[in-house]
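Undergrad: Structure in structure tokens, see below.
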Amino acid sequence: MLVLGLETSCDETGVALYDSEQGLLADALFSQIDLHRVYGGVVPELASRDHVKRMLPLIRQVLGEAGRDASQIDAVAYTAGPGLVGALLVGASCAQALALAWGVPAVGVHHMEGHLLAPMLEAQPPAFPFVALLVSGGHTQLVRVDGIGQYELLGESVDDAAGEAFDKTAKLMGLRYPGGPEIALLAERGTPGRFLFPRPMTDRPGLDFSFSGLKTFTLNTWQQCRAAGDESEQTRCDIALAFQQAVVDTLTIKCRRALKQTGLKSLVIAGGVSANQSLRQSLEKMLADLQGRVFYARPRFCTDNGAMIAYAGCQRLLAGQHDGPAITVQPRWSMETLPAI
């Protein structure tokens, strides 16, 4: 089965072509970072308009790189949610229009299921069951995964997601959007131990997260340094390191708890923050101590992309699932409501 995947949940337009027998044939991505950077965050209306502008050229590019034409496509998969409603509607409308024109089925994919399954695109994919840490700008969740559509939510953030905390903290310190890579870059030159930040909600049982207080703690530390006349680049680096390490330690502690609670030895990390090298190293060390293994996608498939949507959609299409012709999206959508295959 040859599936065209379309991703338009937020500020990246992703297109990919996945073959159920040959694997990923081609993918392309256009990031809107430069468009939104001047505003310090994503502007939904601008995101939607840019998706409209980029979608068809990217589809033509992917078909050309894969050496395929429209007549060979068996189905279209698209991100149906969660995400920005306007952006989602662009992808859904395009997918349903193409499916109708080509006489093929279309299927809406859950954005976070796409992220969760992205490591399946690698040469050594994880085997079910496993614990998944979904960590991005909009989500921080721990999920037990027994199969596609067999998800049990173990814990989630009660306020800011980890990626959101990275972006907001960077903005408070006057850094560029998106903040995650900026914080990580500064942290590489930070002085360990100069600042010590709290590890929120690790002193109590449970698997939920909270990063709002950590963001405030970082702001207060930065303001205290500025009041003392210290706005040096090194101080920025030291604060960035302390903040990043607090987030990484918190995520690692909760992942260890989840693995012990479930008795599983495999951990998948997915979502934009999973590209953070400090987080990967911390989780790899923790899994080595537990004689387990951590899995993740290559960096370009950690952020939003069409390949993960094409793969996830293909699995559901092969199981006989598809949508009707109606254009529907779900800006808020729990993964636990997805049917198992």
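To be explicit about the labels: the chains of the structure tokens are called A, B, and onward in the order shown, and within each one the residues are counted from 1, while ligands get numbers from 1 in the order they are shown.
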Among the residues of range 25-227 of chain A, find those DSSP assigns to strand (DSSP E or B) from the backbone and print them as a PyMOL selection string.
TA: chain A and resi 25-31+75-81+106-110+130-135+140-147+150-157+209
Undergrad: Can you list, as a PyMOL selection string, every protein, DNA or RNA residue that comes within 10 Å of Glu284 in chain A when you count only C-alpha atoms, leaving out same-chain residues fewer than 4 positions away?
TA: chain A and resi 252+267+278-280+288-290+292-295
Undergrad: Please provide as a list of chain:residue names all residues within 6 Å of range 183-192 of chain A, with the sequence filter that same-chain residues fewer than 2 positions apart are discarded (counting only C-alpha atoms).
TA: A:Gly180, A:Pro181, A:Arg194, A:Cys237, A:Asp238, A:Ala240, A:Leu241
Undergrad: May I have the selected residues written with N, CA, C and O atoms, as a PDB file, in the first residue's frame?
TA:
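What follows is the written file again-v4.pdb:
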ATOM      1  N   GLY A 180      13.649  26.016  22.747  1.00  0.00           N
ATOM      2  CA  GLY A 180      14.329  24.776  23.116  1.00  0.00           C
ATOM      3  C   GLY A 180      15.750  24.675  22.601  1.00  0.00           C
ATOM      4  O   GLY A 180      16.694  24.472  23.381  1.00  0.00           O
ATOM      5  N   PRO A 181      15.966  24.817  21.287  1.00  0.00           N
ATOM      6  CA  PRO A 181      17.336  24.752  20.761  1.00  0.00           C
ATOM      7  C   PRO A 181      18.240  25.850  21.301  1.00  0.00           C
ATOM      8  O   PRO A 181      19.436  25.634  21.486  1.00  0.00           O
ATOM      9  N   ARG A 194      26.564  26.074  39.428  1.00  0.00           N
ATOM     10  CA  ARG A 194      26.459  27.477  39.855  1.00  0.00           C
ATOM     11  C   ARG A 194      25.044  27.782  40.353  1.00  0.00           C
ATOM     12  O   ARG A 194      24.869  28.469  41.357  1.00  0.00           O
ATOM     13  N   CYS A 237      24.230  31.316  30.113  1.00  0.00           N
ATOM     14  CA  CYS A 237      24.587  29.908  29.890  1.00  0.00           C
ATOM     15  C   CYS A 237      24.399  29.085  31.159  1.00  0.00           C
ATOM     16  O   CYS A 237      23.897  27.951  31.113  1.00  0.00           O
ATOM     17  N   ASP A 238      24.794  29.642  32.292  1.00  0.00           N
ATOM     18  CA  ASP A 238      24.690  28.912  33.561  1.00  0.00           C
ATOM     19  C   ASP A 238      23.227  28.684  33.946  1.00  0.00           C
ATOM     20  O   ASP A 238      22.859  27.607  34.435  1.00  0.00           O
ATOM     21  N   ALA A 240      20.682  28.620  31.783  1.00  0.00           N
ATOM     22  CA  ALA A 240      20.151  27.677  30.796  1.00  0.00           C
ATOM     23  C   ALA A 240      20.502  26.242  31.168  1.00  0.00           C
ATOM     24  O   ALA A 240      19.666  25.334  31.068  1.00  0.00           O
ATOM     25  N   LEU A 241      21.736  26.027  31.611  1.00  0.00           N
ATOM     26  CA  LEU A 241      22.162  24.690  32.020  1.00  0.00           C
ATOM     27  C   LEU A 241      21.360  24.202  33.221  1.00  0.00           C
ATOM     28  O   LEU A 241      20.897  23.056  33.246  1.00  0.00           O
TER      29      LEU A 241
END
Undergrad: Listing only residues of range 101-154 of chain A within 12 Å of range 274-277 of chain A, what is the closest atom pair and its distance in Å (to one decimal) for each, using only C-alpha atoms, sorted by chain and residue number ascending, as a tab-separated table?
TA:
residue	atom	partner	partner_atom	distance
A:His115	CA	A:Ser274	CA	10.2
A:Leu116	CA	A:Ser274	CA	11.0
A:Ala118	CA	A:Ser274	CA	11.4
A:Pro119	CA	A:Ser274	CA	11.1
A:Ala132	CA	A:Ser274	CA	11.1
A:Leu133	CA	A:Ser274	CA	8.7
A:Leu134	CA	A:Ser274	CA	8.1
A:Val135	CA	A:Ser274	CA	6.5
A:Ser136	CA	A:Ser274	CA	7.7
A:Gly137	CA	A:Ser274	CA	10.9
A:His139	CA	A:Ser274	CA	11.9
A:Thr140	CA	A:Ser274	CA	10.9
Undergrad: Determine, counting only C-alpha atoms, which protein, DNA and RNA residues have an atom within 8 Å of an atom of Pro126 in chain A; residues of the same chain fewer than 2 positions away are not included. Present the result as a ChimeraX atom specification.
TA: /A:119-120,124,128,130,266,268,295
Undergrad: Could you please take those selected residues and save all heavy atoms as a PDB file, in the first residue's frame?
TA:
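Final file, selection.pdb:
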ATOM      1  N   PRO A 119       9.564   6.218  15.906  1.00  0.00           N
ATOM      2  CA  PRO A 119      10.724   5.323  15.992  1.00  0.00           C
ATOM      3  C   PRO A 119      10.574   4.029  15.193  1.00  0.00           C
ATOM      4  O   PRO A 119      11.566   3.338  14.945  1.00  0.00           O
ATOM      5  CB  PRO A 119      10.828   5.029  17.498  1.00  0.00           C
ATOM      6  CG  PRO A 119      10.221   6.238  18.153  1.00  0.00           C
ATOM      7  CD  PRO A 119       9.079   6.605  17.244  1.00  0.00           C
ATOM      8  N   MET A 120       9.353   3.696  14.787  1.00  0.00           N
ATOM      9  CA  MET A 120       9.142   2.505  13.957  1.00  0.00           C
ATOM     10  C   MET A 120       9.741   2.678  12.566  1.00  0.00           C
ATOM     11  O   MET A 120       9.901   1.707  11.826  1.00  0.00           O
ATOM     12  CB  MET A 120       7.642   2.214  13.829  1.00  0.00           C
ATOM     13  CG  MET A 120       6.944   1.923  15.143  1.00  0.00           C
ATOM     14  SD  MET A 120       7.571   0.415  15.927  1.00  0.00           S
ATOM     15  CE  MET A 120       6.479   0.289  17.349  1.00  0.00           C
ATOM     16  N   GLN A 124      16.055  -0.343  13.688  1.00  0.00           N
ATOM     17  CA  GLN A 124      15.795  -1.230  14.822  1.00  0.00           C
ATOM     18  C   GLN A 124      14.647  -0.655  15.652  1.00  0.00           C
ATOM     19  O   GLN A 124      14.874   0.019  16.663  1.00  0.00           O
ATOM     20  CB  GLN A 124      17.056  -1.397  15.673  1.00  0.00           C
ATOM     21  CG  GLN A 124      18.196  -2.097  14.943  1.00  0.00           C
ATOM     22  CD  GLN A 124      19.415  -2.317  15.827  1.00  0.00           C
ATOM     23  OE1 GLN A 124      19.774  -1.474  16.636  1.00  0.00           O
ATOM     24  NE2 GLN A 124      20.043  -3.465  15.671  1.00  0.00           N
ATOM     25  N   PHE A 128       6.471  -4.065  20.986  1.00  0.00           N
ATOM     26  CA  PHE A 128       5.452  -3.894  22.022  1.00  0.00           C
ATOM     27  C   PHE A 128       5.621  -4.994  23.064  1.00  0.00           C
ATOM     28  O   PHE A 128       6.028  -6.117  22.735  1.00  0.00           O
ATOM     29  CB  PHE A 128       4.056  -3.968  21.406  1.00  0.00           C
ATOM     30  CG  PHE A 128       3.797  -2.935  20.342  1.00  0.00           C
ATOM     31  CD1 PHE A 128       3.622  -3.330  19.015  1.00  0.00           C
ATOM     32  CD2 PHE A 128       3.733  -1.592  20.650  1.00  0.00           C
ATOM     33  CE1 PHE A 128       3.370  -2.391  18.026  1.00  0.00           C
ATOM     34  CE2 PHE A 128       3.485  -0.641  19.662  1.00  0.00           C
ATOM     35  CZ  PHE A 128       3.311  -1.036  18.347  1.00  0.00           C
ATOM     36  N   PHE A 130       5.808  -1.282  25.504  1.00  0.00           N
ATOM     37  CA  PHE A 130       6.834  -0.375  26.008  1.00  0.00           C
ATOM     38  C   PHE A 130       6.177   0.836  26.667  1.00  0.00           C
ATOM     39  O   PHE A 130       4.964   1.056  26.524  1.00  0.00           O
ATOM     40  CB  PHE A 130       7.784   0.069  24.889  1.00  0.00           C
ATOM     41  CG  PHE A 130       7.105   0.684  23.686  1.00  0.00           C
ATOM     42  CD1 PHE A 130       6.633   1.999  23.705  1.00  0.00           C
ATOM     43  CD2 PHE A 130       6.958  -0.051  22.498  1.00  0.00           C
ATOM     44  CE1 PHE A 130       6.032   2.563  22.590  1.00  0.00           C
ATOM     45  CE2 PHE A 130       6.347   0.515  21.375  1.00  0.00           C
ATOM     46  CZ  PHE A 130       5.879   1.829  21.426  1.00  0.00           C
ATOM     47  N   SER A 266      11.595  -1.367  28.085  1.00  0.00           N
ATOM     48  CA  SER A 266      11.789  -0.579  26.873  1.00  0.00           C
ATOM     49  C   SER A 266      11.090   0.771  27.012  1.00  0.00           C
ATOM     50  O   SER A 266       9.944   0.837  27.451  1.00  0.00           O
ATOM     51  CB  SER A 266      11.224  -1.306  25.645  1.00  0.00           C
ATOM     52  OG  SER A 266      11.949  -2.494  25.393  1.00  0.00           O
ATOM     53  N   VAL A 268      10.344   4.424  24.845  1.00  0.00           N
ATOM     54  CA  VAL A 268      10.355   5.216  23.627  1.00  0.00           C
ATOM     55  C   VAL A 268      10.204   6.680  24.012  1.00  0.00           C
ATOM     56  O   VAL A 268       9.337   7.025  24.822  1.00  0.00           O
ATOM     57  CB  VAL A 268       9.206   4.800  22.683  1.00  0.00           C
ATOM     58  CG1 VAL A 268       8.965   5.859  21.612  1.00  0.00           C
ATOM     59  CG2 VAL A 268       9.512   3.465  22.032  1.00  0.00           C
ATOM     60  N   PHE A 295      14.510   3.940  22.877  1.00  0.00           N
ATOM     61  CA  PHE A 295      14.356   4.072  21.420  1.00  0.00           C
ATOM     62  C   PHE A 295      13.879   5.482  21.091  1.00  0.00           C
ATOM     63  O   PHE A 295      13.075   6.060  21.830  1.00  0.00           O
ATOM     64  CB  PHE A 295      13.330   3.066  20.891  1.00  0.00           C
ATOM     65  CG  PHE A 295      13.685   1.626  21.111  1.00  0.00           C
ATOM     66  CD1 PHE A 295      13.387   0.998  22.309  1.00  0.00           C
ATOM     67  CD2 PHE A 295      14.310   0.890  20.110  1.00  0.00           C
ATOM     68  CE1 PHE A 295      13.707  -0.341  22.515  1.00  0.00           C
ATOM     69  CE2 PHE A 295      14.639  -0.447  20.305  1.00  0.00           C
ATOM     70  CZ  PHE A 295      14.344  -1.059  21.511  1.00  0.00           C
TER      71      PHE A 295
END
Undergrad: Write out, as a tab-separated table, each residue of range 71-94 of chain A that has an atom at most 12 Å from range 31-44 of chain A, together with the closest pair of atoms and their distance in Å to one decimal, counting only C-alpha atoms, rows going by chain and rising number.
TA:
residue	atom	partner	partner_atom	distance
A:Gly83	CA	A:Pro44	CA	10.1
A:Leu84	CA	A:Pro44	CA	6.7
A:Val85	CA	A:Pro44	CA	8.5
A:Gly86	CA	A:Pro44	CA	7.1
A:Ala87	CA	A:Pro44	CA	7.3
A:Leu88	CA	A:Pro44	CA	10.5
A:Leu89	CA	A:Pro44	CA	11.8
A:Val90	CA	A:Pro44	CA	11.9
Undergrad: Just to confirm, what's the straight-line distance from CA of Leu121 in chain A to CA of Tyr296 in chain A in Å (one decimal)?
TA: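 Atom-to-atom, CA of Leu121 in chain A and CA of Tyr296 in chain A are spaced 9.7 Å apart.
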Undergrad: List every residue of range 250-297 of chain A that has an atom at most 7 Å from any atom of range 196-210 of chain A, and for each one report the closest atom pair and its distance in Å to one decimal, counting only C-alpha atoms, with rows sorted by chain and then by increasing residue number, as JSON lines.
TA:
{"residue": "A:Thr250", "atom": "CA", "partner": "A:Arg199", "partner_atom": "CA", "distance": 5.5}
{"residue": "A:Lys254", "atom": "CA", "partner": "A:Leu207", "partner_atom": "CA", "distance": 5.8}
{"residue": "A:Ala258", "atom": "CA", "partner": "A:Leu207", "partner_atom": "CA", "distance": 7.0}
Undergrad: Mind the document's chain letters and residue numbers, and return as number ranges by chain the residues of range 98-146 of chain A that DSSP labels alpha helix (DSSP H).
TA: A: 98-102, 111-117
Undergrad: Output C-alpha atoms of each residue in that selection to a file, as a PDB file, in the first residue's frame.
TA:
ATOM      1  CA  LEU A  98      -7.134  14.553  -3.205  1.00  0.00           C
ATOM      2  CA  ALA A  99      -8.748  11.336  -1.976  1.00  0.00           C
ATOM      3  CA  LEU A 100     -11.997  12.245  -3.747  1.00  0.00           C
ATOM      4  CA  ALA A 101     -10.191  13.195  -6.957  1.00  0.00           C
ATOM      5  CA  TRP A 102      -8.066  10.051  -6.969  1.00  0.00           C
ATOM      6  CA  HIS A 111      -0.751  13.735  15.854  1.00  0.00           C
ATOM      7  CA  MET A 112       0.717  12.264  19.042  1.00  0.00           C
ATOM      8  CA  GLU A 113       0.201   8.691  17.818  1.00  0.00           C
ATOM      9  CA  GLY A 114       2.285   9.748  14.836  1.00  0.00           C
ATOM     10  CA  HIS A 115       5.060  10.924  17.147  1.00  0.00           C
ATOM     11  CA  LEU A 116       4.782   7.773  19.258  1.00  0.00           C
ATOM     12  CA  LEU A 117       5.204   5.554  16.197  1.00  0.00           C
TER      13      LEU A 117
END
Undergrad: Suppose you want the space between CA of Val145 in chain A and CA of Arg256 in chain A; what is it in Å?
TA: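 Straight-line distance from CA of Val145 in chain A to CA of Arg256 in chain A works out to 15.8 Å.
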Undergrad: Between CA of Ala95 in chain A and CA of Asp27 in chain A, what is the distance in Å, rounded to a tenth?
TA: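 Computed distance, CA of Ala95 in chain A to CA of Asp27 in chain A, equals 16.1 Å.
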Undergrad: Can you tell me, as a list in words, what residues are no more than 10 Å from range 213-216 of chain A when counting only C-alpha atoms, ignoring any on the same chain fewer than 3 positions away?
TA: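 My list of contacting residues is Asp159, Asp160, Ala162, Glu164, Ala165, Phe166, Asp167, Lys168, Thr169, Ala170, Leu172, Phe197, Pro198, Arg199, Pro200, Ser210, Leu219, Asn220, Thr221, Trp222, Phe243, Ala246 and Val247 of chain A.
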Undergrad: Could you check which of A:Gln315, A:Ala228, A:His322, A:Leu142 is closest to Gln261 in chain A, using only C-alpha atoms?
TA: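 The shortest atom-to-atom distance to Gln261 in chain A comes from A:Leu142.
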Undergrad: Residues within 6 Å of Thr13 in chain A, please, as an mmCIF file with all heavy atoms, in the first residue's frame. Count only C-alpha atoms; anything in the same chain fewer than 3 positions from it doesn't count.
TA:
data_model
loop_
_atom_site.group_PDB
_atom_site.id
_atom_site.type_symbol
_atom_site.label_atom_id
_atom_site.label_comp_id
_atom_site.auth_asym_id
_atom_site.auth_seq_id
_atom_site.Cartn_x
_atom_site.Cartn_y
_atom_site.Cartn_z
ATOM 1 N N GLU A 7 1.054 16.520 7.102
ATOM 2 C CA GLU A 7 1.096 17.017 8.477
ATOM 3 C C GLU A 7 0.992 18.537 8.483
ATOM 4 O O GLU A 7 1.818 19.235 7.870
ATOM 5 C CB GLU A 7 2.406 16.581 9.148
ATOM 6 C CG GLU A 7 2.882 17.437 10.299
ATOM 7 C CD GLU A 7 1.940 17.542 11.489
ATOM 8 O OE1 GLU A 7 1.085 16.656 11.666
ATOM 9 O OE2 GLU A 7 2.062 18.521 12.233
ATOM 10 N N THR A 8 -0.055 19.080 9.154
ATOM 11 C CA THR A 8 -0.248 20.528 9.244
ATOM 12 C C THR A 8 -0.816 20.919 10.601
ATOM 13 O O THR A 8 -1.690 21.778 10.688
ATOM 14 C CB THR A 8 -1.212 21.039 8.146
ATOM 15 O OG1 THR A 8 -2.507 20.436 8.342
ATOM 16 C CG2 THR A 8 -0.702 20.730 6.754
ATOM 17 N N LEU A 29 9.759 18.759 4.172
ATOM 18 C CA LEU A 29 9.243 19.558 5.286
ATOM 19 C C LEU A 29 9.575 21.018 5.064
ATOM 20 O O LEU A 29 10.692 21.360 4.659
ATOM 21 C CB LEU A 29 9.876 19.093 6.604
ATOM 22 C CG LEU A 29 9.404 19.792 7.881
ATOM 23 C CD1 LEU A 29 8.011 19.298 8.259
ATOM 24 C CD2 LEU A 29 10.372 19.519 9.032
ATOM 25 N N PHE A 30 8.595 21.866 5.324
ATOM 26 C CA PHE A 30 8.855 23.305 5.328
ATOM 27 C C PHE A 30 8.528 23.838 6.717
ATOM 28 O O PHE A 30 7.400 23.720 7.187
ATOM 29 C CB PHE A 30 8.029 24.051 4.282
ATOM 30 C CG PHE A 30 8.366 25.524 4.231
ATOM 31 C CD1 PHE A 30 9.422 25.977 3.469
ATOM 32 C CD2 PHE A 30 7.648 26.434 5.005
ATOM 33 C CE1 PHE A 30 9.762 27.324 3.455
ATOM 34 C CE2 PHE A 30 7.981 27.783 4.989
ATOM 35 C CZ PHE A 30 9.040 28.224 4.217
ATOM 36 N N HIS A 51 0.496 27.073 5.266
ATOM 37 C CA HIS A 51 0.234 25.679 4.899
ATOM 38 C C HIS A 51 -0.414 25.595 3.512
ATOM 39 O O HIS A 51 -0.074 24.739 2.700
ATOM 40 C CB HIS A 51 -0.680 25.001 5.931
ATOM 41 C CG HIS A 51 -0.013 24.684 7.230
ATOM 42 N ND1 HIS A 51 1.194 24.022 7.303
ATOM 43 C CD2 HIS A 51 -0.385 24.922 8.510
ATOM 44 C CE1 HIS A 51 1.541 23.872 8.575
ATOM 45 N NE2 HIS A 51 0.594 24.420 9.326
#
